[in-house]
file data-v3.cif (mmCIF, C-alpha atoms, pLDDT in the B column; chains and numbers go by the auth columns)
data_start
loop_
_atom_site.group_PDB
_atom_site.id
_atom_site.type_symbol
_atom_site.label_atom_id
_atom_site.label_comp_id
_atom_site.label_asym_id
_atom_site.label_seq_id
_atom_site.Cartn_x
_atom_site.Cartn_y
_atom_site.Cartn_z
_atom_site.B_iso_or_equiv
_atom_site.auth_seq_id
_atom_site.auth_asym_id
ATOM 1 C CA MET A 1 41.236 -9.879 -29.929 91.00 25 O
ATOM 2 C CA GLU A 2 42.370 -11.475 -33.190 94.00 26 O
ATOM 3 C CA PHE A 3 45.912 -12.545 -34.093 96.00 27 O
ATOM 4 C CA ASN A 4 46.464 -9.579 -36.413 97.00 28 O
ATOM 5 C CA GLU A 5 45.490 -7.109 -33.665 96.00 29 O
ATOM 6 C CA LYS A 6 47.737 -8.859 -31.141 97.00 30 O
ATOM 7 C CA LEU A 7 50.714 -8.820 -33.480 98.00 31 O
ATOM 8 C CA LYS A 8 50.288 -5.123 -34.190 98.00 32 O
ATOM 9 C CA ALA A 9 49.902 -4.348 -30.473 97.00 33 O
ATOM 10 C CA LEU A 10 52.987 -6.384 -29.549 98.00 34 O
ATOM 11 C CA ARG A 11 55.049 -4.715 -32.280 98.00 35 O
ATOM 12 C CA SER A 12 53.869 -1.247 -31.264 98.00 36 O
ATOM 13 C CA SER A 13 54.557 -1.926 -27.588 97.00 37 O
ATOM 14 C CA ARG A 14 58.213 -2.496 -28.487 97.00 38 O
ATOM 15 C CA GLY A 15 58.329 0.613 -30.679 98.00 39 O
ATOM 16 C CA LEU A 16 59.204 -1.409 -33.767 98.00 40 O
ATOM 17 C CA THR A 17 58.315 -0.660 -37.369 98.00 41 O
ATOM 18 C CA GLN A 18 57.042 -3.441 -39.604 98.00 42 O
ATOM 19 C CA GLU A 19 60.425 -3.378 -41.336 98.00 43 O
ATOM 20 C CA GLU A 20 62.333 -3.805 -38.063 98.00 44 O
ATOM 21 C CA LEU A 21 60.118 -6.667 -36.918 98.00 45 O
ATOM 22 C CA ALA A 22 60.467 -8.328 -40.311 98.00 46 O
ATOM 23 C CA GLU A 23 64.264 -8.193 -40.014 98.00 47 O
ATOM 24 C CA ASP A 24 64.162 -9.656 -36.492 97.00 48 O
ATOM 25 C CA LEU A 25 61.897 -12.507 -37.627 97.00 49 O
ATOM 26 C CA PHE A 26 63.717 -13.087 -40.948 96.00 50 O
ATOM 27 C CA VAL A 27 60.608 -12.462 -43.054 97.00 51 O
ATOM 28 C CA SER A 28 59.618 -9.701 -45.477 98.00 52 O
ATOM 29 C CA ARG A 29 57.927 -6.475 -44.437 98.00 53 O
ATOM 30 C CA THR A 30 55.122 -7.483 -46.797 98.00 54 O
ATOM 31 C CA ALA A 31 54.557 -10.620 -44.698 98.00 55 O
ATOM 32 C CA ILE A 32 54.229 -8.538 -41.516 98.00 56 O
ATOM 33 C CA SER A 33 51.833 -6.178 -43.272 98.00 57 O
ATOM 34 C CA LYS A 34 49.726 -9.090 -44.527 98.00 58 O
ATOM 35 C CA TRP A 35 49.569 -10.671 -41.053 98.00 59 O
ATOM 36 C CA GLU A 36 48.658 -7.376 -39.358 98.00 60 O
ATOM 37 C CA SER A 37 45.928 -6.596 -41.885 98.00 61 O
ATOM 38 C CA GLY A 38 44.400 -10.051 -41.447 96.00 62 O
ATOM 39 C CA ARG A 39 45.013 -11.049 -45.073 97.00 63 O
ATOM 40 C CA GLY A 40 47.169 -14.005 -44.097 96.00 64 O
ATOM 41 C CA TYR A 41 48.678 -15.997 -41.273 96.00 65 O
ATOM 42 C CA PRO A 42 52.275 -16.936 -40.540 97.00 66 O
ATOM 43 C CA SER A 43 53.628 -20.447 -40.941 97.00 67 O
ATOM 44 C CA ILE A 44 54.099 -22.634 -37.882 97.00 68 O
ATOM 45 C CA ASP A 45 57.816 -21.822 -37.905 96.00 69 O
ATOM 46 C CA SER A 46 57.085 -18.095 -38.016 97.00 70 O
ATOM 47 C CA LEU A 47 54.562 -18.456 -35.192 97.00 71 O
ATOM 48 C CA LYS A 48 57.288 -20.093 -33.098 97.00 72 O
ATOM 49 C CA GLU A 49 59.638 -17.185 -33.855 97.00 73 O
ATOM 50 C CA ILE A 50 56.966 -14.608 -33.010 98.00 74 O
ATOM 51 C CA SER A 51 56.085 -16.297 -29.722 98.00 75 O
ATOM 52 C CA THR A 52 59.750 -16.529 -28.717 98.00 76 O
ATOM 53 C CA PHE A 53 60.516 -12.954 -29.782 98.00 77 O
ATOM 54 C CA PHE A 54 57.623 -11.491 -27.769 98.00 78 O
ATOM 55 C CA SER A 55 57.800 -14.035 -24.898 97.00 79 O
ATOM 56 C CA VAL A 56 54.208 -15.184 -25.327 97.00 80 O
ATOM 57 C CA THR A 57 52.837 -18.631 -26.071 96.00 81 O
ATOM 58 C CA ILE A 58 51.435 -19.636 -29.439 96.00 82 O
ATOM 59 C CA ASP A 59 48.133 -20.268 -27.636 95.00 83 O
ATOM 60 C CA GLU A 60 48.113 -16.669 -26.425 95.00 84 O
ATOM 61 C CA LEU A 61 48.779 -15.439 -29.963 95.00 85 O
ATOM 62 C CA LEU A 62 46.013 -17.504 -31.537 94.00 86 O
ATOM 63 C CA SER A 63 43.311 -17.433 -28.872 92.00 87 O
ATOM 64 C CA GLY A 64 40.526 -14.881 -29.090 83.00 88 O
ATOM 65 C CA GLU A 65 41.396 -13.592 -25.643 81.00 89 O
ATOM 66 C CA LYS A 66 43.276 -10.403 -24.949 77.00 90 O
ATOM 67 C CA LEU A 67 46.980 -10.716 -24.075 71.00 91 O
#
call {"tool": "encode", "arguments": {"input": "data-v3.cif", "output": "structure tokens"}}
result
Amino acid sequence: MEFNEKLKALRSSRGLTQEELAEDLFVSRTAISKWESGRGYPSIDSLKEISTFFSVTIDELLSGEKL
């Protein structure tokens, strides 16, 4: 499972829209869309925020294994 699929699954599991997640992470909705479509990756700082927000490790986010 790739990062973009994990991010989308985590967001969906919380019932959040891309806009809501973007607000919680202090990024644009476009950034979330880009990450979920696999057209880009978040910065290290954003990865830290994502891992904290969803209570998963950065390793879990970036590894090819399923969460």
call {"tool": "residues_around", "arguments": {"input": "data-v3.cif", "residues": "Ala46 of chain O", "least_positions_apart": "3", "cutoff": "12 Å", "atoms": "only C-alpha atoms", "output": "PyMOL selection string"}}
result
chain O and resi 31+35+40-43+49-60+66+70+73-74+77
call {"tool": "atom_distance", "arguments": {"input": "data-v3.cif", "atom1": "atom CA of Asp48 of chain O", "atom2": "atom CA of Ser36 of chain O"}}
result
14.3 Å
call {"tool": "atom_distance", "arguments": {"input": "data-v3.cif", "atom1": "atom CA of Met25 of chain O", "atom2": "atom CA of Glu47 of chain O"}}
result
25.2 Å
call {"tool": "atom_distance", "arguments": {"input": "data-v3.cif", "atom1": "atom CA of Ala33 of chain O", "atom2": "atom CA of Leu45 of chain O"}}
result
12.3 Å
call {"tool": "residues_near_point", "arguments": {"input": "data-v3.cif", "point": "(47.9, -19.4, -31.4)", "cutoff": "10 Å", "atoms": "only C-alpha atoms", "output": "MDAnalysis selection string"}}
result
chainID O and resid 26:27 68 71:72 75 80:88
call {"tool": "write_last_selection", "arguments": {"input": "data-v3.cif", "atoms": "C-alpha atoms", "output": "mmCIF file, keeping the file's coordinate frame"}}
result
data_model
loop_
_atom_site.group_PDB
_atom_site.id
_atom_site.type_symbol
_atom_site.label_atom_id
_atom_site.label_comp_id
_atom_site.auth_asym_id
_atom_site.auth_seq_id
_atom_site.Cartn_x
_atom_site.Cartn_y
_atom_site.Cartn_z
ATOM 1 C CA GLU O 26 42.370 -11.475 -33.190
ATOM 2 C CA PHE O 27 45.912 -12.545 -34.093
ATOM 3 C CA ILE O 68 54.099 -22.634 -37.882
ATOM 4 C CA LEU O 71 54.562 -18.456 -35.192
ATOM 5 C CA LYS O 72 57.288 -20.093 -33.098
ATOM 6 C CA SER O 75 56.085 -16.297 -29.722
ATOM 7 C CA VAL O 80 54.208 -15.184 -25.327
ATOM 8 C CA THR O 81 52.837 -18.631 -26.071
ATOM 9 C CA ILE O 82 51.435 -19.636 -29.439
ATOM 10 C CA ASP O 83 48.133 -20.268 -27.636
ATOM 11 C CA GLU O 84 48.113 -16.669 -26.425
ATOM 12 C CA LEU O 85 48.779 -15.439 -29.963
ATOM 13 C CA LEU O 86 46.013 -17.504 -31.537
ATOM 14 C CA SER O 87 43.311 -17.433 -28.872
ATOM 15 C CA GLY O 88 40.526 -14.881 -29.090
#
